[in-house]
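Chemist: Got a structure for you, questions after.
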Amino acid sequence: MLKPLGDRVVIELVQQEEKTSSGIVLPDSAKEKPQEGKVVAVGSGRVTENNQKVALEVEEGNIVIYSKFAGTEVKYEGKEYLILRESDILAIVG
Amino acid sequence: MLKPLGDRVVIELVQQEEKTSSGIVLPDSAKEKPQEGKVVAVGSGRVTENNQKVALEVEEGNIVIYSKFAGTEVKYEGKEYLILRESDILAIVG
Amino acid sequence: MLKPLGDRVVIELVQQEEKTSSGIVLPDSAKEKPQEGKVVAVGSGRVTENNQKVALEVEEGNIVIYSKFAGTEVKYEGKEYLILRESDILAIVG
Amino acid sequence: MLKPLGDRVVIELVQQEEKTSSGIVLPDSAKEKPQEGKVVAVGSGRVTENNQKVALEVEEGNIVIYSKFAGTEVKYEGKEYLILRESDILAIVG
Amino acid sequence: MLKPLGDRVVIELVQQEEKTSSGIVLPDSAKEKPQEGKVVAVGSGRVTENNQKVALEVEEGNIVIYSKFAGTEVKYEGKEYLILRESDILAIVG
Amino acid sequence: MLKPLGDRVVIELVQQEEKTSSGIVLPDSAKEKPQEGKVVAVGSGRVTENNQKVALEVEEGNIVIYSKFAGTEVKYEGKEYLILRESDILAIVG
Amino acid sequence: MLKPLGDRVVIELVQQEEKTSSGIVLPDSAKEKPQEGKVVAVGSGRVTENNQKVALEVEEGNIVIYSKFAGTEVKYEGKEYLILRESDILAIVG
């Protein structure tokens with residue numbers, strides 16, 4: 001198991017097809033394109049300057065879209081994951 | 001449905017004509033030009049350093065103008081959207 | 001109507017003459033030169049880290065001078081406006 | 001009248017002579033050199049993150065020295081002024 | 001003994017094999033790749049702006065993955081260690 | 001008199017000899033070298049984000065060493081001074 | 001005596017041998033290498049934004065390792081010292 005720290009999230013990569021499972025089609029433009037994935041683990045949250053934890057908005061099982069260049073790739077027990085901060089997640093899908 | 005996180009907003013793109021539906025005409029200059037769109041979903045707000053959520057000012061249905069280079073384009077169920085932070089929205093129109 | 005967000009202000013551009021209506025003459029130097037305009041709408045203010053709104057100092061009708069390179073130009077119903085943050089306004093005139 | 005915003009100050013420029021009226025002589029070196037001027041208007045102060053105004057230390061009539069490259073020049077009713085932030089003022093003279 | 005300061009952590013380097021002991025295999029891509037190590041000492045935590053210590057999430061004995069370019073290498077009594085901030089640790093493994 | 005603002009300090013320059021009066025000899029290396037001077041005036045302190053003044057640690061008469069490239073030179077009534085922020089002072093000597 | 005300000009620390013340089021007195025051997029790599037020294041004076045601590053002093057973790061007599069490029073060298077009464085911020089200290093040794 002991977003237990004992300006702070007406001008980090010572990011994402012299971014979704015293979016990019018022309019049309020993804022949840023119906024998102026990434027447009028053909030020069031702009032930064034988001035990616036889609038499934039949240040498999042969430043951290044316990046960042047700590048504010050008055051020393052309180054901020055729980056994450058995303059939960060295990062959420063399908064999310066996130067910035068293409070965000071996070072760090074990890075292979076764990078044969079599967080590919082991405083670990084990124086919740087702030088790099090744009091939206092929950094569905 | 002796209003549920004944006006934090007202080008993010010989902011915008012439905014408005015096709016740029018010489019004069020847009022709400023009457024904004026973008027001037028012909030070298031300055032950064034704003035874009036116009038319709039808010040279709042808003043996040044629950046950013047969390048301050050004393051751990052309180054700041055509700056967004058914009059609401060679903062608002063026509064807004066925003067910075068041209070802000071946000072990330074997404075195609076979802078055949079429609080084009082832009083996901084950006086509320087701080088990239090300049091004003092509500094109308 | 002344009003309703004600016006946060007600490008933003010909508011300025012009606014004043015045509016630059018050699019001597020403007022309120023008596024400001026911009027000097028001929030290499031330094032950054034301010035511009036003059038009339039406030040036509042103000043936002044409800046920025047939100048501090050302890051979640052309180054900070055009302056703006058400027059009000060509708062104020063003649064203000066502001067940084068030359070600040071803000072974003074918008075044409076709305078035939079008139080030119082500038083949307084900028086209050087922090088880009090230097091002073092109220094008169 | 002020019003009413004500066006926030007922590008800004010309006011300075012009446014003092015003509016640089018070899019020795020200024022208050023006795024400051026600017027040295028001949030490659031270092032950044034300060035300028036001297038008279039405060040003619042002060043803002044009501046910046047707002048902290050717990051939403052309180054911080055009154056300025058300088059007052060109308062103070063002779064101050066300030067960073068050479070700070071602020072924005074304005075001509076108003078025939079006189080030259082400089083608008084800068086109080087943090088660009090180094091010291092009160094005399 | 002090495003007693004790290006603040007939010008720092010001392011990591012015992014795990015030799016990189018094709019498949020590491022905890023089952024992480026680092027993928028072959030141009031992206032930044034994480035490293036794996038064992039926590040052998042933790043600091044007492046950073047101090048927030050309201051003067052409270054924030055205890056670390058990781059503990060001695062945790063296997064963690066961390067950013068490849070983070071931290072400073074130290075050799076102490078014949079062993080190699082890495083000292084880094086907890087914020088450079090991505091996740092706890094297992 | 002020069003009354004420095006905020007967390008600023010006025011320093012009377014001490015002529016650099018090979019060995020200064022308080023016994024500091026500056027080493028001959030490529031690293032940034034500190035300077036020595038005498039505090040002749042101190043500001044009333046910076047204001048924190050909860051609107052309290054932080055009194056300075058240094059006092060009039062202290063001999064201090066400070067970063068070589070810090071501050072602004074001023075000549076006042078025939079003497080050379082340096083105005084810098086207390087944070088540019090490294091230590092009090094003696 | 002050198003009395004460091006704020007969160008600064010005065011370090012007595014330890015001559016770099018292949019193996020230092022406390023047993024640290026610096027590895028031969030392209031990464032930033034830490035240095036070892038003895039704390040001879042500590043400041044009274046930085047002041048937080050709610051105006052409280054944060055006492056330092058290190059004490060006089062501690063052997064510490066610190067970033068190679070941190071701090072400012074000073075020669076005082078014939079001895080070489082380094083003045084740096086506590087945040088540049090990685091760990092206490094022993």
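Residues in the structure tokens are numbered from 1 in each chain, the chains being A, B, ... in the order shown, and ligands are numbered from 1 in the order shown.
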Hey, what's within 7 Å of range 32-42 of chain E if we count only C-alpha atoms and toss same-chain stuff fewer than 2 positions away? As a short mmCIF file (atom, residue, chain, number, x, y, z; two decimals) with C-alpha atoms, in the first residue's frame, please?
Modeler:
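Okay, selection_18.cif is ready:
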data_model
loop_
_atom_site.label_atom_id
_atom_site.label_comp_id
_atom_site.auth_asym_id
_atom_site.auth_seq_id
_atom_site.Cartn_x
_atom_site.Cartn_y
_atom_site.Cartn_z
CA THR A 72 5.63 11.92 -9.73
CA GLU A 73 5.21 8.52 -11.40
CA LYS E 3 19.34 14.36 15.16
CA PRO E 4 17.67 16.24 12.29
CA ARG E 8 13.86 17.23 8.56
CA VAL E 9 14.20 13.45 8.35
CA VAL E 10 17.26 11.19 8.13
CA ILE E 11 16.88 8.46 5.53
CA GLU E 12 19.01 5.35 5.20
CA LEU E 13 19.59 4.82 1.51
CA VAL E 14 18.20 1.64 0.00
CA LEU E 26 10.76 2.70 -10.95
CA ALA E 30 11.70 11.10 -18.68
CA SER E 44 10.67 17.58 16.23
CA GLU E 59 8.17 7.71 12.07
CA GLU E 60 11.40 5.81 12.55
CA GLY E 61 11.29 2.56 10.65
CA ASN E 62 8.92 3.79 7.91
CA ILE E 63 9.87 2.88 4.34
CA VAL E 64 9.28 6.00 2.27
CA ILE E 65 9.60 7.17 -1.31
CA TYR E 66 10.92 10.65 -1.95
CA SER E 67 11.91 13.05 -4.70
CA LYS E 68 15.11 12.04 -6.48
#
Chemist: Which chain A residues are at most 12 Å from chain E (counting only C-alpha atoms), as a count of residues only?
Modeler: 41
